[in-house]
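So this one's structure-v2.cif, mmCIF, N, CA and C atoms:
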```
data_coords
loop_
_atom_site.group_PDB
_atom_site.id
_atom_site.type_symbol
_atom_site.label_atom_id
_atom_site.label_comp_id
_atom_site.auth_asym_id
_atom_site.auth_seq_id
_atom_site.Cartn_x
_atom_site.Cartn_y
_atom_site.Cartn_z
ATOM 1 N N MET A 1 9.151 -14.362 -10.626
ATOM 2 C CA MET A 1 9.317 -13.764 -11.943
ATOM 3 C C MET A 1 7.960 -13.442 -12.564
ATOM 4 N N LYS A 2 6.983 -14.313 -12.344
ATOM 5 C CA LYS A 2 5.662 -14.082 -12.914
ATOM 6 C C LYS A 2 5.019 -12.831 -12.321
ATOM 7 N N ASN A 3 5.290 -12.565 -11.029
ATOM 8 C CA ASN A 3 4.745 -11.381 -10.374
ATOM 9 C C ASN A 3 5.371 -10.107 -10.939
ATOM 10 N N MET A 4 6.643 -10.180 -11.313
ATOM 11 C CA MET A 4 7.334 -9.009 -11.852
ATOM 12 C C MET A 4 6.812 -8.639 -13.240
ATOM 13 N N ILE A 5 6.381 -9.609 -14.016
ATOM 14 C CA ILE A 5 5.891 -9.348 -15.368
ATOM 15 C C ILE A 5 4.600 -8.527 -15.322
ATOM 16 N N THR A 6 3.811 -8.666 -14.266
ATOM 17 C CA THR A 6 2.583 -7.877 -14.168
ATOM 18 C C THR A 6 2.881 -6.399 -13.970
ATOM 19 N N TYR A 7 4.045 -6.071 -13.392
ATOM 20 C CA TYR A 7 4.432 -4.676 -13.174
ATOM 21 C C TYR A 7 5.296 -4.114 -14.297
ATOM 22 N N LEU A 8 5.556 -4.887 -15.319
ATOM 23 C CA LEU A 8 6.442 -4.459 -16.395
ATOM 24 C C LEU A 8 5.985 -3.178 -17.100
ATOM 25 N N PRO A 9 4.708 -3.002 -17.452
ATOM 26 C CA PRO A 9 4.317 -1.733 -18.094
ATOM 27 C C PRO A 9 4.559 -0.519 -17.198
ATOM 28 N N PHE A 10 4.280 -0.653 -15.904
ATOM 29 C CA PHE A 10 4.518 0.458 -14.978
ATOM 30 C C PHE A 10 6.002 0.771 -14.882
ATOM 31 N N ILE A 11 6.838 -0.259 -14.813
ATOM 32 C CA ILE A 11 8.289 -0.054 -14.744
ATOM 33 C C ILE A 11 8.787 0.636 -16.009
ATOM 34 N N LEU A 12 8.270 0.253 -17.158
ATOM 35 C CA LEU A 12 8.692 0.887 -18.415
ATOM 36 C C LEU A 12 8.250 2.347 -18.477
ATOM 37 N N ILE A 13 7.066 2.661 -17.959
ATOM 38 C CA ILE A 13 6.608 4.049 -17.933
ATOM 39 C C ILE A 13 7.512 4.894 -17.041
ATOM 40 N N VAL A 14 7.859 4.358 -15.863
ATOM 41 C CA VAL A 14 8.737 5.091 -14.949
ATOM 42 C C VAL A 14 10.117 5.299 -15.574
ATOM 43 N N LEU A 15 10.667 4.280 -16.204
ATOM 44 C CA LEU A 15 11.967 4.427 -16.860
ATOM 45 C C LEU A 15 11.902 5.421 -18.016
ATOM 46 N N GLY A 16 10.790 5.453 -18.730
ATOM 47 C CA GLY A 16 10.633 6.430 -19.810
ATOM 48 C C GLY A 16 10.580 7.857 -19.283
ATOM 49 N N ILE A 17 9.846 8.064 -18.182
ATOM 50 C CA ILE A 17 9.776 9.396 -17.580
ATOM 51 C C ILE A 17 11.157 9.827 -17.091
ATOM 52 N N ILE A 18 11.901 8.896 -16.488
ATOM 53 C CA ILE A 18 13.249 9.218 -16.008
ATOM 54 C C ILE A 18 14.167 9.572 -17.167
ATOM 55 N N SER A 19 14.112 8.842 -18.256
ATOM 56 C CA SER A 19 15.005 9.120 -19.384
ATOM 57 C C SER A 19 14.676 10.451 -20.048
ATOM 58 N N ILE A 20 13.390 10.779 -20.161
ATOM 59 C CA ILE A 20 13.010 12.075 -20.730
ATOM 60 C C ILE A 20 13.480 13.215 -19.830
ATOM 61 N N THR A 21 13.354 13.036 -18.517
ATOM 62 C CA THR A 21 13.780 14.075 -17.574
ATOM 63 C C THR A 21 15.289 14.277 -17.621
ATOM 64 N N VAL A 22 16.050 13.199 -17.663
ATOM 65 C CA VAL A 22 17.511 13.315 -17.718
ATOM 66 C C VAL A 22 17.943 13.999 -19.005
ATOM 67 N N SER A 23 17.325 13.655 -20.122
ATOM 68 C CA SER A 23 17.706 14.298 -21.382
ATOM 69 C C SER A 23 17.333 15.781 -21.380
ATOM 70 N N ALA A 24 16.218 16.143 -20.736
ATOM 71 C CA ALA A 24 15.851 17.555 -20.647
ATOM 72 C C ALA A 24 16.834 18.312 -19.763
ATOM 73 N N PHE A 25 17.298 17.692 -18.670
ATOM 74 C CA PHE A 25 18.308 18.336 -17.834
ATOM 75 C C PHE A 25 19.609 18.548 -18.590
ATOM 76 N N MET A 26 19.952 17.609 -19.470
ATOM 77 C CA MET A 26 21.197 17.743 -20.233
ATOM 78 C C MET A 26 21.121 18.892 -21.231
ATOM 79 N N MET A 27 19.933 19.149 -21.770
ATOM 80 C CA MET A 27 19.792 20.219 -22.757
ATOM 81 C C MET A 27 19.643 21.580 -22.089
ATOM 82 N N PHE A 28 18.752 21.672 -21.099
ATOM 83 C CA PHE A 28 18.398 22.969 -20.531
ATOM 84 C C PHE A 28 17.835 22.720 -19.135
ATOM 85 N N GLU A 29 18.501 23.254 -18.098
ATOM 86 C CA GLU A 29 18.149 22.907 -16.722
ATOM 87 C C GLU A 29 16.717 23.277 -16.324
ATOM 88 N N PRO A 30 16.206 24.470 -16.629
ATOM 89 C CA PRO A 30 14.802 24.752 -16.271
ATOM 90 C C PRO A 30 13.811 23.806 -16.954
ATOM 91 N N LEU A 31 14.127 23.385 -18.175
ATOM 92 C CA LEU A 31 13.280 22.408 -18.860
ATOM 93 C C LEU A 31 13.289 21.075 -18.117
ATOM 94 N N GLY A 32 14.429 20.741 -17.516
ATOM 95 C CA GLY A 32 14.526 19.517 -16.729
ATOM 96 C C GLY A 32 13.613 19.554 -15.522
ATOM 97 N N PHE A 33 13.570 20.696 -14.838
ATOM 98 C CA PHE A 33 12.669 20.821 -13.693
ATOM 99 C C PHE A 33 11.209 20.762 -14.126
ATOM 100 N N LEU A 34 10.905 21.331 -15.269
ATOM 101 C CA LEU A 34 9.546 21.246 -15.799
ATOM 102 C C LEU A 34 9.172 19.795 -16.092
ATOM 103 N N MET A 35 10.098 19.051 -16.661
ATOM 104 C CA MET A 35 9.829 17.652 -16.971
ATOM 105 C C MET A 35 9.687 16.802 -15.709
ATOM 106 N N VAL A 36 10.425 17.149 -14.643
ATOM 107 C CA VAL A 36 10.250 16.443 -13.364
ATOM 108 C C VAL A 36 8.831 16.657 -12.851
ATOM 109 N N GLY A 37 8.347 17.882 -12.913
ATOM 110 C CA GLY A 37 6.994 18.172 -12.465
ATOM 111 C C GLY A 37 5.941 17.458 -13.287
ATOM 112 N N ILE A 38 6.106 17.490 -14.588
ATOM 113 C CA ILE A 38 5.143 16.805 -15.464
ATOM 114 C C ILE A 38 5.205 15.297 -15.238
ATOM 115 N N GLY A 39 6.404 14.774 -15.070
ATOM 116 C CA GLY A 39 6.555 13.335 -14.829
ATOM 117 C C GLY A 39 5.911 12.901 -13.526
ATOM 118 N N LEU A 40 6.069 13.711 -12.469
ATOM 119 C CA LEU A 40 5.422 13.377 -11.198
ATOM 120 C C LEU A 40 3.903 13.467 -11.304
ATOM 121 N N PHE A 41 3.420 14.432 -12.076
ATOM 122 C CA PHE A 41 1.975 14.553 -12.284
ATOM 123 C C PHE A 41 1.428 13.323 -13.011
ATOM 124 N N VAL A 42 2.124 12.888 -14.045
ATOM 125 C CA VAL A 42 1.692 11.717 -14.801
ATOM 126 C C VAL A 42 1.752 10.471 -13.924
ATOM 127 N N LEU A 43 2.800 10.344 -13.132
ATOM 128 C CA LEU A 43 2.929 9.193 -12.249
ATOM 129 C C LEU A 43 1.816 9.171 -11.202
ATOM 130 N N ALA A 44 1.477 10.324 -10.648
ATOM 131 C CA ALA A 44 0.382 10.393 -9.679
ATOM 132 C C ALA A 44 -0.944 10.037 -10.341
ATOM 133 N N TYR A 45 -1.141 10.471 -11.571
ATOM 134 C CA TYR A 45 -2.375 10.149 -12.298
ATOM 135 C C TYR A 45 -2.493 8.646 -12.548
ATOM 136 N N ILE A 46 -1.364 8.009 -12.839
ATOM 137 C CA ILE A 46 -1.366 6.569 -13.073
ATOM 138 C C ILE A 46 -1.671 5.809 -11.780
ATOM 139 N N LEU A 47 -1.134 6.286 -10.660
ATOM 140 C CA LEU A 47 -1.270 5.558 -9.405
ATOM 141 C C LEU A 47 -2.594 5.755 -8.699
ATOM 142 N N VAL A 48 -3.360 6.798 -9.040
ATOM 143 C CA VAL A 48 -4.641 7.036 -8.383
ATOM 144 C C VAL A 48 -5.631 5.960 -8.811
ATOM 145 N N PRO A 49 -6.321 5.349 -7.832
ATOM 146 C CA PRO A 49 -7.335 4.346 -8.215
ATOM 147 C C PRO A 49 -8.434 4.986 -9.041
ATOM 148 N N LYS A 50 -8.861 4.298 -10.082
ATOM 149 C CA LYS A 50 -9.831 4.874 -11.003
ATOM 150 C C LYS A 50 -11.223 4.981 -10.390
ATOM 151 N N GLY A 51 -11.549 4.152 -9.392
ATOM 152 C CA GLY A 51 -12.871 4.200 -8.791
ATOM 153 C C GLY A 51 -12.950 5.047 -7.535
ATOM 154 N N ALA A 52 -11.923 5.870 -7.274
ATOM 155 C CA ALA A 52 -11.881 6.627 -6.019
ATOM 156 C C ALA A 52 -12.906 7.764 -6.011
ATOM 157 N N ASN A 53 -13.134 8.388 -7.151
ATOM 158 C CA ASN A 53 -14.074 9.514 -7.213
ATOM 159 C C ASN A 53 -15.396 9.036 -7.826
ATOM 160 N N PRO A 54 -16.490 9.147 -7.050
ATOM 161 C CA PRO A 54 -17.783 8.705 -7.591
ATOM 162 C C PRO A 54 -18.332 9.651 -8.638
#
```
Using structure tokens, write down the structure from this file.
Amino acid sequence: MKNMITYLPFILIVLGIISITVSAFMMFEPLGFLMVGIGLFVLAYILVPKGANP
């Protein structure tokens, strides 16, 4: 359980991106695809190690 708490902010960010994408799909389908792309971009930015580029 203690190990899971360290990943809690990341899990909440992923759930937030998913909820925004689902709501965009419900309103307007092309907007949903745009939100999927933006969400994947944000997720990739979060996962890239910060010290990778000198």
Mind checking DSSP for chain A and telling me the helix (DSSP H, G or I) residues as a ChimeraX atom specification? /A:2-6,8-27,29-47
Evaluating the PyMOL selection byres (((chain A and resi 36 and name CA) around 12) and name CA) on the displayed file yields which residues, as a ChimeraX atom specification? /A:14,16-25,29-35,37-43
Using Å and a single decimal, report how far atom CA of A:Leu8 sits from atom CA of A:Met27. 28.8 Å
Can you sort out the box for stretch 34-44 of chain A, edges along x, y and z, all listed atoms in, 5 Å on every side, with centre and edge lengths in Å to one decimal, as JSON?
```
{"center_x": 5.0, "center_y": 15.3, "center_z": -13.3, "size_x": 21.8, "size_y": 22.2, "size_z": 17.3}
```
Tell me, in Å to one decimal, how far atom CA of A:Asn3 is from atom C of A:Leu47. 18.7 Å
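The space separating atom C of A:Ile11 from atom N of A:Pro49 comes to 17.8 Å.
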Missing atoms in stretch 12-28 of chain A: fill them in up to N, CA, C and O atoms and send the result as a short mmCIF file (atom, residue, chain, number, x, y, z; two decimals), keeping the file's coordinate frame.
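The result, stored in rebuild-v1.cif:
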```cif
data_model
loop_
_atom_site.label_atom_id
_atom_site.label_comp_id
_atom_site.auth_asym_id
_atom_site.auth_seq_id
_atom_site.Cartn_x
_atom_site.Cartn_y
_atom_site.Cartn_z
N LEU A 12 8.27 0.25 -17.16
CA LEU A 12 8.69 0.89 -18.42
C LEU A 12 8.25 2.35 -18.48
O LEU A 12 8.99 3.20 -19.00
N ILE A 13 7.07 2.66 -17.96
CA ILE A 13 6.61 4.05 -17.93
C ILE A 13 7.51 4.89 -17.04
O ILE A 13 7.92 6.00 -17.41
N VAL A 14 7.86 4.36 -15.86
CA VAL A 14 8.74 5.09 -14.95
C VAL A 14 10.12 5.30 -15.57
O VAL A 14 10.68 6.40 -15.50
N LEU A 15 10.67 4.28 -16.20
CA LEU A 15 11.97 4.43 -16.86
C LEU A 15 11.90 5.42 -18.02
O LEU A 15 12.86 6.18 -18.25
N GLY A 16 10.79 5.45 -18.73
CA GLY A 16 10.63 6.43 -19.81
C GLY A 16 10.58 7.86 -19.28
O GLY A 16 11.20 8.76 -19.85
N ILE A 17 9.85 8.06 -18.18
CA ILE A 17 9.78 9.40 -17.58
C ILE A 17 11.16 9.83 -17.09
O ILE A 17 11.58 10.97 -17.29
N ILE A 18 11.90 8.90 -16.49
CA ILE A 18 13.25 9.22 -16.01
C ILE A 18 14.17 9.57 -17.17
O ILE A 18 14.93 10.56 -17.09
N SER A 19 14.11 8.84 -18.26
CA SER A 19 15.00 9.12 -19.38
C SER A 19 14.68 10.45 -20.05
O SER A 19 15.58 11.19 -20.45
N ILE A 20 13.39 10.78 -20.16
CA ILE A 20 13.01 12.08 -20.73
C ILE A 20 13.48 13.22 -19.83
O ILE A 20 13.99 14.24 -20.30
N THR A 21 13.35 13.04 -18.52
CA THR A 21 13.78 14.08 -17.57
C THR A 21 15.29 14.28 -17.62
O THR A 21 15.77 15.41 -17.62
N VAL A 22 16.05 13.20 -17.66
CA VAL A 22 17.51 13.32 -17.72
C VAL A 22 17.94 14.00 -19.00
O VAL A 22 18.83 14.87 -18.99
N SER A 23 17.32 13.66 -20.12
CA SER A 23 17.71 14.30 -21.38
C SER A 23 17.33 15.78 -21.38
O SER A 23 18.06 16.61 -21.93
N ALA A 24 16.22 16.14 -20.74
CA ALA A 24 15.85 17.56 -20.65
C ALA A 24 16.83 18.31 -19.76
O ALA A 24 17.19 19.46 -20.07
N PHE A 25 17.30 17.69 -18.67
CA PHE A 25 18.31 18.34 -17.83
C PHE A 25 19.61 18.55 -18.59
O PHE A 25 20.31 19.54 -18.38
N MET A 26 19.95 17.61 -19.47
CA MET A 26 21.20 17.74 -20.23
C MET A 26 21.12 18.89 -21.23
O MET A 26 22.13 19.54 -21.51
N MET A 27 19.93 19.15 -21.77
CA MET A 27 19.79 20.22 -22.76
C MET A 27 19.64 21.58 -22.09
O MET A 27 20.32 22.54 -22.47
N PHE A 28 18.75 21.67 -21.10
CA PHE A 28 18.40 22.97 -20.53
C PHE A 28 17.84 22.72 -19.14
O PHE A 28 16.82 22.04 -19.00
#
```
